[in-house]
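Data first, discussion second: the structure below is written as structure tokens.
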Amino acid sequence: MDEFKRDFPILQNREMVYLDNGATTQKPIQVINATQEFYGKYNANPHRGAYSLSMEATEVYENTRQKIANFINAKHAQEIIFSKNATESLNLLAYSYGMENLKQGDEIVLSIMEHHSNLVPWQKVSKVTGAKLNYMYINGDFEISDEEIETKITHKTKIVGITHVSNVLGTINNVKKIVKQAHKKGAIVIVDASQSIPHMKIDVQDLDADFLVFSGHKMLAPLGIGVLYGKRELLNQMSPFLMGGDMIEYVYEQDTTFAPLPNKFEAGTQNVEGVIGLGAAIDYIEEIGYNKIQEIEKEIVSYARKELAKLDFLTLYLTPHEDNHSSVISFNIKGVHPHDVASILDNQGVYVRSRKSLRATFDAIFGN
């Protein structure tokens with residue numbers, strides 16, 4: 001692993017053990033260099049100028065869009081929409097799809113383990129449209145059972161939101177089964193792949209996801225860049241979320257026509273530096289290969305699970321099935337506040353995420 005550690009300047013400049021990759025990954029030198037190269041060679045607004053520099057910026061920008069389409073096996077590059085992050089992508093879907101397609105009596109189904117960005121927007125949509133918001137709950141193994149999927153997703157369900165991998169539990173959800181059940185009932189599915197795409201190969205056609213979102217900063221790319229994938233026929237039916245430059249076709253005094261995909265959803269000057277950095281991050285991941293990534297992760301996570309389980313003062317929140325668990329490990333130390341644990345570890349150069357009370361969260365989930 002030292003061969004990869006050398007690629008990360010921050011790990012050379014500070015003595016630390018960084019364990020908060022679920023929130024934000026550090027950046028390899030290849031990504032840092034790619035963003036610097038853009039500003040040194042190609043800095044101009046894509047799509048805006050008829051001069052050569054702008055055309056070069058457009059080329060590298062659109063080439064990265066195609067690279068991302070290939071990376072997740074999208075049918076068309078136009079199905080890749082750049083956003084600020086997964087949160088913005090999910091809000092776009094809530095407003096542009098949810099607000100326009102839901103009505104009184106319809107149902108939205110989410111898992112109880114969703115990140116707030118795939119929960120709070122749907123609360124607002126349900127209040128505005130009159131649609132009912134339902135949840136798929138987890139069992140004692142921190143998993144969503146087949147029975148829960150089949151009973152919660154019904155003919156009234158119009159939208160299903162599901163995290164591929166839980167950012168709190170590390171549970172890998174059975175997305176293909178959820179998609180199949182939803183489509184059987186006439187619903188569309190939104191997959192949050194923010195926690196899965198750094199760890200496993202994503203094939204949107206194989207998943208048959210209608211929409212899929214992820215953030216670049218969780219997969220070695222710069223902050224402030226995200227992706228929304230959507231099936232072309234669905235994106236074409238949707239109204240844009242943001243209005244402004246580069247997403248219009250013609251503007252009249254009282255009306256406007258919108259540009260075709262993907263420009264329709266990319267108003268204003270985009271984070272081109274972030275797009276280029278995301279492309280470099282994809283190159284880095286593919287050069288290592290998901291097989292190697294998973295081999296290393298399996299070894300580390302298996303060791304961590306085994307050793308942490310020996311500590312009787314520690315409560316672990318893990319699915320018992322290692323093949324159904326990613327690299328997120330959540331725990332409490334009995335009688336010690338999580339912030340105190342994080343502060344003590346910080347004094348030893350170990351950086352972890354702390355939350356006010358995981359126990360309270362799980363009590364709410366299980367209804368205790």
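Note on naming: chains are A, B, ... as they come in the structure tokens, residues start from 1 per chain, ligands start from 1 in the order shown.
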
| task | Using only C-alpha atoms, determine which residues lie at most 12 Å from A:Asn101, disregarding the query and same-chain residues fewer than 6 positions distant; provide the list as a PyMOL selection string. | result | chain A and resi 93-95+107-108+125-126+128-131+157-159+187-188+234+237-239

Looking only at the backbone, which of the residues in stretch 148-285 of chain A does DSSP tag as strand (DSSP E or B), as an mmCIF file with N, CA and C atoms, in the first residue's frame?
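Writing the result to selection_32.cif gives the following:
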data_model
loop_
_atom_site.group_PDB
_atom_site.id
_atom_site.type_symbol
_atom_site.label_atom_id
_atom_site.label_comp_id
_atom_site.auth_asym_id
_atom_site.auth_seq_id
_atom_site.Cartn_x
_atom_site.Cartn_y
_atom_site.Cartn_z
ATOM 1 N N THR A 157 -46.517 3.339 -5.552
ATOM 2 C CA THR A 157 -45.168 3.907 -5.529
ATOM 3 C C THR A 157 -44.802 4.471 -6.904
ATOM 4 N N LYS A 158 -44.333 5.708 -6.913
ATOM 5 C CA LYS A 158 -43.912 6.348 -8.161
ATOM 6 C C LYS A 158 -42.410 6.609 -8.207
ATOM 7 N N ILE A 159 -41.806 6.802 -7.030
ATOM 8 C CA ILE A 159 -40.369 7.069 -6.944
ATOM 9 C C ILE A 159 -39.781 6.256 -5.793
ATOM 10 N N VAL A 160 -38.650 5.602 -6.054
ATOM 11 C CA VAL A 160 -37.906 4.896 -5.018
ATOM 12 C C VAL A 160 -36.507 5.494 -4.958
ATOM 13 N N GLY A 161 -36.088 5.893 -3.761
ATOM 14 C CA GLY A 161 -34.727 6.397 -3.563
ATOM 15 C C GLY A 161 -33.952 5.435 -2.693
ATOM 16 N N ILE A 162 -32.786 5.016 -3.166
ATOM 17 C CA ILE A 162 -32.025 4.011 -2.417
ATOM 18 C C ILE A 162 -30.524 4.300 -2.489
ATOM 19 N N THR A 163 -29.869 4.255 -1.352
ATOM 20 C CA THR A 163 -28.413 4.351 -1.327
ATOM 21 C C THR A 163 -27.820 2.990 -1.664
ATOM 22 N N VAL A 165 -24.698 2.003 -1.063
ATOM 23 C CA VAL A 165 -23.978 1.635 0.154
ATOM 24 C C VAL A 165 -24.271 2.696 1.210
ATOM 25 N N THR A 171 -23.574 -1.009 4.800
ATOM 26 C CA THR A 171 -24.378 -2.067 4.187
ATOM 27 C C THR A 171 -24.479 -1.858 2.683
ATOM 28 N N ILE A 172 -24.255 -2.925 1.921
ATOM 29 C CA ILE A 172 -24.436 -2.882 0.470
ATOM 30 C C ILE A 172 -25.854 -3.362 0.175
ATOM 31 N N ILE A 188 -40.022 4.683 -10.805
ATOM 32 C CA ILE A 188 -38.641 4.922 -11.216
ATOM 33 C C ILE A 188 -37.748 4.858 -9.977
ATOM 34 N N VAL A 189 -36.450 4.585 -10.203
ATOM 35 C CA VAL A 189 -35.524 4.409 -9.087
ATOM 36 C C VAL A 189 -34.352 5.380 -9.207
ATOM 37 N N ILE A 190 -34.056 6.034 -8.085
ATOM 38 C CA ILE A 190 -32.904 6.935 -7.966
ATOM 39 C C ILE A 190 -31.887 6.272 -7.054
ATOM 40 N N VAL A 191 -30.700 6.011 -7.568
ATOM 41 C CA VAL A 191 -29.653 5.337 -6.805
ATOM 42 C C VAL A 191 -28.589 6.351 -6.398
ATOM 43 N N ASP A 192 -28.302 6.414 -5.106
ATOM 44 C CA ASP A 192 -27.208 7.234 -4.595
ATOM 45 C C ASP A 192 -25.970 6.344 -4.507
ATOM 46 N N PHE A 211 -32.049 6.801 -12.555
ATOM 47 C CA PHE A 211 -31.138 7.900 -12.233
ATOM 48 C C PHE A 211 -30.090 7.373 -11.258
ATOM 49 N N LEU A 212 -28.884 7.934 -11.340
ATOM 50 C CA LEU A 212 -27.819 7.567 -10.409
ATOM 51 C C LEU A 212 -26.961 8.798 -10.178
ATOM 52 N N VAL A 213 -26.590 9.026 -8.931
ATOM 53 C CA VAL A 213 -25.812 10.222 -8.585
ATOM 54 C C VAL A 213 -24.566 9.834 -7.796
ATOM 55 N N PHE A 214 -23.533 10.669 -7.900
ATOM 56 C CA PHE A 214 -22.356 10.511 -7.046
ATOM 57 C C PHE A 214 -21.575 11.813 -7.003
ATOM 58 N N SER A 215 -20.714 11.932 -5.975
ATOM 59 C CA SER A 215 -19.871 13.109 -5.783
ATOM 60 C C SER A 215 -18.421 12.764 -6.087
ATOM 61 N N GLY A 226 -19.929 16.969 -9.084
ATOM 62 C CA GLY A 226 -20.767 15.790 -8.938
ATOM 63 C C GLY A 226 -21.349 15.391 -10.273
ATOM 64 N N VAL A 227 -22.017 14.261 -10.287
ATOM 65 C CA VAL A 227 -22.591 13.728 -11.528
ATOM 66 C C VAL A 227 -24.017 13.272 -11.274
ATOM 67 N N LEU A 228 -24.877 13.586 -12.220
ATOM 68 C CA LEU A 228 -26.213 13.004 -12.301
ATOM 69 C C LEU A 228 -26.281 12.218 -13.599
ATOM 70 N N TYR A 229 -26.504 10.914 -13.490
ATOM 71 C CA TYR A 229 -26.819 10.102 -14.662
ATOM 72 C C TYR A 229 -28.326 9.917 -14.698
ATOM 73 N N GLY A 230 -28.899 10.037 -15.891
ATOM 74 C CA GLY A 230 -30.319 9.751 -16.064
ATOM 75 C C GLY A 230 -30.566 9.151 -17.436
ATOM 76 N N ILE A 248 -29.902 27.594 -22.653
ATOM 77 C CA ILE A 248 -31.018 28.093 -23.461
ATOM 78 C C ILE A 248 -30.736 27.900 -24.943
ATOM 79 N N GLU A 249 -31.812 27.815 -25.701
ATOM 80 C CA GLU A 249 -31.711 27.754 -27.153
ATOM 81 C C GLU A 249 -31.997 29.134 -27.729
ATOM 82 N N TYR A 250 -33.228 29.628 -27.484
ATOM 83 C CA TYR A 250 -33.614 30.974 -27.889
ATOM 84 C C TYR A 250 -34.333 31.657 -26.734
ATOM 85 N N VAL A 251 -34.082 32.951 -26.572
ATOM 86 C CA VAL A 251 -34.750 33.733 -25.534
ATOM 87 C C VAL A 251 -35.530 34.865 -26.194
ATOM 88 N N THR A 256 -38.881 31.319 -23.499
ATOM 89 C CA THR A 256 -37.544 30.796 -23.753
ATOM 90 C C THR A 256 -37.650 29.335 -24.147
ATOM 91 N N THR A 257 -36.822 28.916 -25.078
ATOM 92 C CA THR A 257 -36.691 27.487 -25.377
ATOM 93 C C THR A 257 -35.341 27.018 -24.872
ATOM 94 N N PHE A 258 -35.285 25.771 -24.443
ATOM 95 C CA PHE A 258 -34.090 25.268 -23.779
ATOM 96 C C PHE A 258 -33.204 24.467 -24.723
#

| query | Can you tell me, as an MDAnalysis selection string, what residues are no more than 8 Å from A:Ser196 when counting only C-alpha atoms, ignoring any on the same chain fewer than 4 positions away? | reply | chainID A and resid 164:165 200 326

Written file, previous selection with N, CA and C atoms, as an mmCIF file, in the first residue's frame:
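The result, stored in selection.cif:
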data_model
loop_
_atom_site.group_PDB
_atom_site.id
_atom_site.type_symbol
_atom_site.label_atom_id
_atom_site.label_comp_id
_atom_site.auth_asym_id
_atom_site.auth_seq_id
_atom_site.Cartn_x
_atom_site.Cartn_y
_atom_site.Cartn_z
ATOM 1 N N HIS A 164 -26.862 2.974 -2.549
ATOM 2 C CA HIS A 164 -26.219 1.710 -2.931
ATOM 3 C C HIS A 164 -25.456 1.133 -1.742
ATOM 4 N N VAL A 165 -24.698 2.003 -1.063
ATOM 5 C CA VAL A 165 -23.978 1.635 0.154
ATOM 6 C C VAL A 165 -24.271 2.696 1.210
ATOM 7 N N MET A 200 -16.460 -0.113 -5.988
ATOM 8 C CA MET A 200 -16.934 -1.196 -6.845
ATOM 9 C C MET A 200 -17.361 -0.658 -8.205
ATOM 10 N N SER A 326 -19.412 -2.901 2.978
ATOM 11 C CA SER A 326 -18.326 -2.149 2.359
ATOM 12 C C SER A 326 -17.299 -1.787 3.435
#

| query | Pick from A:Ile329, A:Val350, A:Leu133, A:Ile68: nearest to A:Leu169, with only C-alpha atoms counted? | reply | A:Ile329

| said: Using DSSP secondary structure from the backbone, list all alpha helix (DSSP H) positions within stretch 5-143 of chain A, as a ChimeraX atom specification. | reply: /A:5,9-13,29-41,52-72,86-93,99-101,120-129

Preceding selection exported with C-alpha atoms as an mmCIF file, in the first residue's frame:
data_model
loop_
_atom_site.group_PDB
_atom_site.id
_atom_site.type_symbol
_atom_site.label_atom_id
_atom_site.label_comp_id
_atom_site.auth_asym_id
_atom_site.auth_seq_id
_atom_site.Cartn_x
_atom_site.Cartn_y
_atom_site.Cartn_z
ATOM 1 C CA LYS A 5 0.474 6.324 -0.369
ATOM 2 C CA PRO A 9 1.133 14.765 -1.162
ATOM 3 C CA ILE A 10 -0.846 15.487 2.012
ATOM 4 C CA LEU A 11 0.184 12.113 3.426
ATOM 5 C CA GLN A 12 3.821 13.051 2.874
ATOM 6 C CA ASN A 13 3.431 16.467 4.486
ATOM 7 C CA ILE A 29 -0.836 13.985 -7.344
ATOM 8 C CA GLN A 30 -2.265 12.881 -10.697
ATOM 9 C CA VAL A 31 -5.522 14.692 -9.940
ATOM 10 C CA ILE A 32 -3.745 17.774 -8.577
ATOM 11 C CA ASN A 33 -1.547 17.963 -11.675
ATOM 12 C CA ALA A 34 -4.516 17.584 -14.026
ATOM 13 C CA THR A 35 -6.314 20.579 -12.502
ATOM 14 C CA GLN A 36 -3.152 22.664 -12.640
ATOM 15 C CA GLU A 37 -2.594 21.664 -16.261
ATOM 16 C CA PHE A 38 -6.095 22.841 -17.176
ATOM 17 C CA TYR A 39 -5.438 26.324 -15.802
ATOM 18 C CA GLY A 40 -1.996 26.422 -17.391
ATOM 19 C CA LYS A 41 -3.066 25.267 -20.852
ATOM 20 C CA SER A 52 -9.351 28.224 -30.277
ATOM 21 C CA LEU A 53 -8.763 28.315 -26.507
ATOM 22 C CA SER A 54 -12.471 28.023 -25.764
ATOM 23 C CA MET A 55 -12.757 25.210 -28.284
ATOM 24 C CA GLU A 56 -9.889 23.372 -26.588
ATOM 25 C CA ALA A 57 -11.569 23.828 -23.202
ATOM 26 C CA THR A 58 -14.799 22.482 -24.707
ATOM 27 C CA GLU A 59 -12.967 19.463 -26.073
ATOM 28 C CA VAL A 60 -11.370 18.452 -22.753
ATOM 29 C CA TYR A 61 -14.661 19.127 -20.922
ATOM 30 C CA GLU A 62 -16.755 16.993 -23.276
ATOM 31 C CA ASN A 63 -14.111 14.281 -23.544
ATOM 32 C CA THR A 64 -14.391 13.888 -19.777
ATOM 33 C CA ARG A 65 -18.163 13.570 -20.063
ATOM 34 C CA GLN A 66 -17.647 10.685 -22.483
ATOM 35 C CA LYS A 67 -15.056 9.167 -20.133
ATOM 36 C CA ILE A 68 -17.592 9.195 -17.285
ATOM 37 C CA ALA A 69 -20.272 7.689 -19.540
ATOM 38 C CA ASN A 70 -17.866 4.868 -20.370
ATOM 39 C CA PHE A 71 -16.892 4.507 -16.704
ATOM 40 C CA ILE A 72 -20.474 3.752 -15.602
ATOM 41 C CA ALA A 86 -24.626 14.377 -5.233
ATOM 42 C CA THR A 87 -26.716 16.674 -3.025
ATOM 43 C CA GLU A 88 -27.344 19.070 -5.893
ATOM 44 C CA SER A 89 -28.087 16.159 -8.239
ATOM 45 C CA LEU A 90 -30.691 14.790 -5.821
ATOM 46 C CA ASN A 91 -32.277 18.202 -5.356
ATOM 47 C CA LEU A 92 -32.435 18.580 -9.133
ATOM 48 C CA LEU A 93 -34.360 15.313 -9.324
ATOM 49 C CA MET A 99 -42.545 18.152 -8.303
ATOM 50 C CA GLU A 100 -43.736 17.576 -11.865
ATOM 51 C CA ASN A 101 -44.717 13.912 -11.670
ATOM 52 C CA VAL A 120 -34.997 16.007 3.141
ATOM 53 C CA PRO A 121 -35.778 17.047 -0.480
ATOM 54 C CA TRP A 122 -38.407 14.300 -0.673
ATOM 55 C CA GLN A 123 -39.985 15.515 2.559
ATOM 56 C CA LYS A 124 -40.493 18.877 0.859
ATOM 57 C CA VAL A 125 -41.768 17.276 -2.347
ATOM 58 C CA SER A 126 -44.288 15.186 -0.420
ATOM 59 C CA LYS A 127 -45.616 18.235 1.427
ATOM 60 C CA VAL A 128 -46.002 20.254 -1.781
ATOM 61 C CA THR A 129 -47.507 17.503 -3.962
#

| task | Just give me the gap between atom CA of A:Phe265 and atom CA of A:Met247 in Å, one decimal is fine. | result | 6.5 Å

| note | In Å and to one decimal, atom CA of A:His115 is distant from atom CA of A:Asn174 by 16.9 Å

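Among the candidates A:Asn263, A:Ser117, A:Gln254, A:Ser111, the one nearest to A:Lys152 when counting only C-alpha atoms is A:Ser111.
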
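A straight line drawn from atom CA of A:Gly274 to atom CA of A:Gly216 is 8.1 Å long.
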
Residues at most 7 Å from A:Gly349, counting only C-alpha atoms, excluding those fewer than 3 positions away in the same chain, as a PDB file with C-alpha atoms, in the first residue's frame?
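Written file, selection_33.pdb:
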ATOM      1  CA  GLU A  15       1.964  12.521  10.071  1.00  0.00           C
ATOM      2  CA  MET A  16      -1.563  11.134  10.151  1.00  0.00           C
ATOM      3  CA  VAL A  17      -3.830   8.168   9.665  1.00  0.00           C
ATOM      4  CA  LEU A 345      -7.688   9.884  18.400  1.00  0.00           C
ATOM      5  CA  ASP A 346      -6.834  13.214  16.784  1.00  0.00           C
TER       6      ASP A 346
END
